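The structure under discussion appears below in the form of structure tokens.
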Amino acid sequence: MASPLLLCIVLCSYYSIAHGRGNDSFVTVPTSAFEPEQVCSGERVTPEQKHCTVSLPLVHRHGPCAPSPSTDKPSFSDTLRRSRARVNHIAARVARSVGSHGDEKVLRIPAQLGSYVDSLEYVVTVSFGTPAVPRVVIMDTGSDLSWLQCKPCASGECSPQKDPLFDPTNSSTYASIPCASDACKKLEADAYSIGCAKGGKQCGFKIMYADFTMTDGVYSKDKLTLAPGVTVNNFYFGCGHDERTAGGLYDGLLGLGLMSESLLAQFGGGATSYCLPAVSSKAGFLALGAGKNTDGFQLTPMGRVPKEPTFATVTLTGISVGGKKLSLLPSAFEGGMIVDSGSALTALQTTAFKALRSAFRDAMAAYPLAPNPNHYVDTCYNFTGHKNVVVPKIALTFSGGATINLDVPNGILVNDCLAFVDSGLLPGHSTAGILGNVNQRTFEVLFDTSSNKVGFRANAC
């Protein structure tokens, strides 16, 4: 039988090797870092001045920094359910095919109006009309057409919100779009228009979401004020008069997709970026006019989804856990990754997910696994009794060599669970992956349509 001293030496040596003592492949973090503060930090974070034209504070809608903090913050199980519903919807629309784009395999998603709106988590404040009226809107990279709840809206036909409904009659710069106009025809071609509304004179719009909530009303234009002196005249958006979406407390949605109806296109194209904070008690930012200077960014080619160009895609080529590169062939990442601000967890292709999960569990062997909050996630930990936790770094490498080290712990773990799921369990056994917002935390994520690049700048917020 081994002596206690020898046993101690063996165990201590194992712990040192397994947890990377003496190297930078593991990070020791206090368990308090896993939880946000109950009050907003108050610190405003902005991108580097040379990177953009204007930036807006971006906050979590259920956190203490929100303009109207929610009193009904969803449970972790609810958050997972909502995120999975959105991911399921995206995956269900994806049909793999080989396109006529060289030798590359591409994704095809049939035209669809909307994703799962209640999974969206981050809000910004902008102003509509003249005089300018502040509106709290949810940002979504999976939507193109922005919309507000507007007057008139009969009782029970609009969702609750803290602010009064936007009244277009009070704005001197507001105008509805005629249904015979080119703008309405373009909206119809992009599957957002329902043809003529209001007696056949105004262009109608309608967005039906995957959770069967919806908004419809009049396609409109008005002045959008992003910051003092920074405006978009004749900003096209939907003025919703029948809006039944879940969540409440927000005034509308700001579409950040890649189609012509999005804010990115109407601002003048080029590029946009955002930074999601590590925890909900801190602020991030949304930046427009970005991409003029990409110093500090890891850049990778931007892909598009044929027939449905709302989403930007990237190609994952490698994963490292605790400083060790996983042995994965390029085929393990076949299908690409949709970059989505509305999905919490990252959906990895089956082979890649299983390799990542196995390596992560091995690196975290010192901590007991905990019961899963639901069957969507399967690697959760019980850190009870630990003041500090040693977490392995996870690095993602994309085509072109761009490599990002995910924030530790908040870009890797969410509610003590690994923030990755198996995309093979999604509807249709989709091979497409989704880069979720947990992995994106603290990075400035850049979408540059002029150069067709997606960029990641570390420690930006």
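Naming works like this for the structure tokens: A, B, ... for the chains as they're shown, residue 1 at the start of each chain, ligands 1 onward in shown order.
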
Which neighbours of segment 58-66 of chain A fall inside 10 Å, counting only C-alpha atoms, when residues of the same chain fewer than 5 positions from it are skipped, and could you give them as a PyMOL selection string? chain A and resi 36-46+71-74+120-125+136-139+247+249-250+274-277+279-287

What does the file look like for those residues with N, CA and C atoms, as a tab-separated table (two decimals), in the first residue's frame?
chain	number	residue	atom	x	y	z
A	36	PRO	N	-23.17	37.92	-11.90
A	36	PRO	CA	-23.11	39.37	-12.07
A	36	PRO	C	-23.45	40.09	-10.77
A	37	GLU	N	-23.01	41.32	-10.68
A	37	GLU	CA	-23.39	42.14	-9.53
A	37	GLU	C	-24.87	42.48	-9.63
A	38	GLN	N	-25.46	42.84	-8.49
A	38	GLN	CA	-26.87	43.18	-8.47
A	38	GLN	C	-27.12	44.61	-8.92
A	39	VAL	N	-26.05	45.41	-9.03
A	39	VAL	CA	-26.18	46.79	-9.50
A	39	VAL	C	-25.31	46.98	-10.72
A	40	CYS	N	-25.70	47.92	-11.57
A	40	CYS	CA	-24.94	48.19	-12.78
A	40	CYS	C	-23.60	48.82	-12.44
A	41	SER	N	-22.56	48.39	-13.13
A	41	SER	CA	-21.23	48.93	-12.86
A	41	SER	C	-21.13	50.41	-13.21
A	42	GLY	N	-22.01	50.86	-14.12
A	42	GLY	CA	-22.02	52.27	-14.50
A	42	GLY	C	-20.92	52.65	-15.46
A	43	GLU	N	-20.01	51.74	-15.73
A	43	GLU	CA	-18.89	52.03	-16.62
A	43	GLU	C	-19.31	51.89	-18.07
A	44	ARG	N	-19.13	52.95	-18.85
A	44	ARG	CA	-19.46	52.89	-20.27
A	44	ARG	C	-18.22	52.48	-21.06
A	45	VAL	N	-18.40	51.49	-21.91
A	45	VAL	CA	-17.30	50.99	-22.73
A	45	VAL	C	-17.57	51.37	-24.18
A	46	THR	N	-16.57	51.85	-24.87
A	46	THR	CA	-16.72	52.24	-26.26
A	46	THR	C	-15.61	51.62	-27.09
A	71	THR	N	-38.69	42.64	-14.25
A	71	THR	CA	-39.05	42.09	-12.93
A	71	THR	C	-39.34	40.60	-13.03
A	72	ASP	N	-39.38	40.08	-14.23
A	72	ASP	CA	-39.67	38.66	-14.42
A	72	ASP	C	-38.53	37.99	-15.18
A	73	LYS	N	-37.32	38.11	-14.62
A	73	LYS	CA	-36.15	37.51	-15.24
A	73	LYS	C	-36.36	36.02	-15.40
A	74	PRO	N	-36.13	35.49	-16.61
A	74	PRO	CA	-36.37	34.06	-16.84
A	74	PRO	C	-35.37	33.20	-16.09
A	120	LEU	N	-34.00	36.81	-27.58
A	120	LEU	CA	-33.11	37.96	-27.73
A	120	LEU	C	-32.87	38.62	-26.39
A	121	GLU	N	-31.63	39.04	-26.13
A	121	GLU	CA	-31.24	39.44	-24.78
A	121	GLU	C	-30.66	40.84	-24.64
A	122	TYR	N	-30.25	41.49	-25.73
A	122	TYR	CA	-29.50	42.73	-25.61
A	122	TYR	C	-30.26	43.90	-26.23
A	123	VAL	N	-30.25	45.05	-25.52
A	123	VAL	CA	-31.00	46.21	-25.97
A	123	VAL	C	-30.10	47.43	-26.10
A	124	VAL	N	-30.51	48.35	-26.99
A	124	VAL	CA	-29.88	49.65	-27.14
A	124	VAL	C	-30.99	50.69	-27.16
A	125	THR	N	-30.62	51.95	-26.93
A	125	THR	CA	-31.59	53.04	-26.97
A	125	THR	C	-31.27	53.94	-28.14
A	136	VAL	N	-36.35	52.02	-26.59
A	136	VAL	CA	-35.51	50.90	-26.18
A	136	VAL	C	-35.84	49.72	-27.09
A	137	VAL	N	-34.86	49.29	-27.88
A	137	VAL	CA	-35.10	48.25	-28.87
A	137	VAL	C	-34.11	47.10	-28.70
A	138	ILE	N	-34.58	45.92	-29.01
A	138	ILE	CA	-33.72	44.73	-28.96
A	138	ILE	C	-32.95	44.62	-30.26
A	139	MET	N	-31.65	44.34	-30.16
A	139	MET	CA	-30.83	44.15	-31.37
A	139	MET	C	-30.83	42.68	-31.77
A	247	GLY	N	-42.19	38.77	-24.09
A	247	GLY	CA	-41.09	39.47	-23.46
A	247	GLY	C	-41.49	40.79	-22.84
A	249	LEU	N	-41.68	45.04	-22.22
A	249	LEU	CA	-40.76	46.03	-21.65
A	249	LEU	C	-39.82	46.64	-22.67
A	250	TYR	N	-39.89	46.23	-23.91
A	250	TYR	CA	-39.09	46.88	-24.93
A	250	TYR	C	-40.03	47.42	-26.00
A	274	TYR	N	-20.37	44.91	-32.60
A	274	TYR	CA	-20.94	44.98	-31.25
A	274	TYR	C	-20.04	44.23	-30.29
A	275	CYS	N	-20.18	44.57	-29.01
A	275	CYS	CA	-19.47	43.84	-27.97
A	275	CYS	C	-20.46	43.50	-26.87
A	276	LEU	N	-20.62	42.22	-26.59
A	276	LEU	CA	-21.53	41.75	-25.54
A	276	LEU	C	-20.74	41.61	-24.25
A	277	PRO	N	-21.20	42.22	-23.16
A	277	PRO	CA	-20.43	42.20	-21.91
A	277	PRO	C	-20.34	40.81	-21.30
A	279	VAL	N	-20.85	39.90	-18.20
A	279	VAL	CA	-21.96	39.64	-17.30
A	279	VAL	C	-22.99	40.75	-17.49
A	280	SER	N	-24.23	40.50	-17.03
A	280	SER	CA	-25.32	41.42	-17.29
A	280	SER	C	-25.25	42.70	-16.47
A	281	SER	N	-24.34	42.77	-15.50
A	281	SER	CA	-24.19	43.99	-14.70
A	281	SER	C	-23.19	44.96	-15.33
A	282	LYS	N	-22.73	44.65	-16.52
A	282	LYS	CA	-21.81	45.54	-17.24
A	282	LYS	C	-22.41	45.86	-18.61
A	283	ALA	N	-21.89	46.92	-19.22
A	283	ALA	CA	-22.38	47.34	-20.53
A	283	ALA	C	-21.39	46.99	-21.62
A	284	GLY	N	-21.93	46.80	-22.81
A	284	GLY	CA	-21.11	46.64	-24.01
A	284	GLY	C	-21.41	47.80	-24.95
A	285	PHE	N	-21.30	47.55	-26.26
A	285	PHE	CA	-21.60	48.62	-27.20
A	285	PHE	C	-22.02	48.05	-28.55
A	286	LEU	N	-22.73	48.88	-29.30
A	286	LEU	CA	-23.04	48.64	-30.71
A	286	LEU	C	-22.40	49.78	-31.47
A	287	ALA	N	-21.60	49.46	-32.49
A	287	ALA	CA	-20.87	50.47	-33.25
A	287	ALA	C	-21.25	50.41	-34.72

I'd like the neighbourhood of Gly385 of chain A as a PyMOL selection string, where a residue qualifies if any of its atoms comes within 12 Å (using only C-alpha atoms), though same-chain residues fewer than 4 positions away should be ignored. chain A and resi 30-31+367-368+389

Smallest atom-to-atom distance to Thr215 of chain A: which of A:Phe447, A:Phe166, A:Phe76, A:Trp147, using only C-alpha atoms? A:Trp147

Could you tell me which of A:Leu396, A:Leu345, A:Ala189, A:Ala197 comes closest to Asn410 of chain A if we count only C-alpha atoms? A:Leu345

Point-to-point distance in Å for atom CA of Pro392 of chain A and atom CA of Val408 of chain A: 8.1 Å

Skipping near chain neighbours, those fewer than 4 positions away, what residues fall within 8 Å of segment 33-35 of chain A using only C-alpha atoms, listed as a VMD selection string? chain A and resid 29 279 409 to 410 414 to 416

So which one's closest to Gly142 of chain A, A:Ser176, A:Thr313, A:Thr403, A:Ser171? Using only C-alpha atoms, please. A:Thr313

Determine which residues of segment 109-357 of chain A receive a DSSP assignment of alpha helix (DSSP H), computed from the backbone, and state them as a list of chain:residue names.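 Restricting segment 109-357 of chain A to alpha helix (DSSP H) produces A:Asp182, A:Ala183, A:Cys184, A:Lys185, A:Lys186, A:Leu187, A:Glu188, A:Ala189, A:Leu263, A:Leu264, A:Ala265, A:Gln266, A:Thr350, A:Thr351, A:Ala352, A:Phe353, A:Lys354, A:Ala355, A:Leu356, A:Arg357.
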
Let me see the file: selected residues, C-alpha atoms, as a PDB file, in the first residue's frame.
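Below is the file part.pdb, written as the result:
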ATOM      1  CA  ASP A 182     -40.507  50.556 -55.436  1.00  0.00           C
ATOM      2  CA  ALA A 183     -39.674  50.338 -51.715  1.00  0.00           C
ATOM      3  CA  CYS A 184     -42.835  48.321 -51.084  1.00  0.00           C
ATOM      4  CA  LYS A 185     -42.135  46.056 -54.030  1.00  0.00           C
ATOM      5  CA  LYS A 186     -38.620  45.450 -52.685  1.00  0.00           C
ATOM      6  CA  LEU A 187     -40.046  44.631 -49.259  1.00  0.00           C
ATOM      7  CA  GLU A 188     -42.427  42.158 -50.871  1.00  0.00           C
ATOM      8  CA  ALA A 189     -39.576  40.563 -52.802  1.00  0.00           C
ATOM      9  CA  LEU A 263     -29.728  49.294 -40.093  1.00  0.00           C
ATOM     10  CA  LEU A 264     -26.296  48.322 -41.420  1.00  0.00           C
ATOM     11  CA  ALA A 265     -27.400  48.834 -45.032  1.00  0.00           C
ATOM     12  CA  GLN A 266     -29.405  51.999 -44.341  1.00  0.00           C
ATOM     13  CA  THR A 350     -21.482  16.333 -33.646  1.00  0.00           C
ATOM     14  CA  THR A 351     -17.907  15.098 -34.083  1.00  0.00           C
ATOM     15  CA  ALA A 352     -16.431  18.427 -33.006  1.00  0.00           C
ATOM     16  CA  PHE A 353     -18.830  18.727 -30.065  1.00  0.00           C
ATOM     17  CA  LYS A 354     -18.030  15.271 -28.709  1.00  0.00           C
ATOM     18  CA  ALA A 355     -14.288  15.905 -28.928  1.00  0.00           C
ATOM     19  CA  LEU A 356     -14.646  19.266 -27.174  1.00  0.00           C
ATOM     20  CA  ARG A 357     -16.893  17.861 -24.452  1.00  0.00           C
TER      21      ARG A 357
END
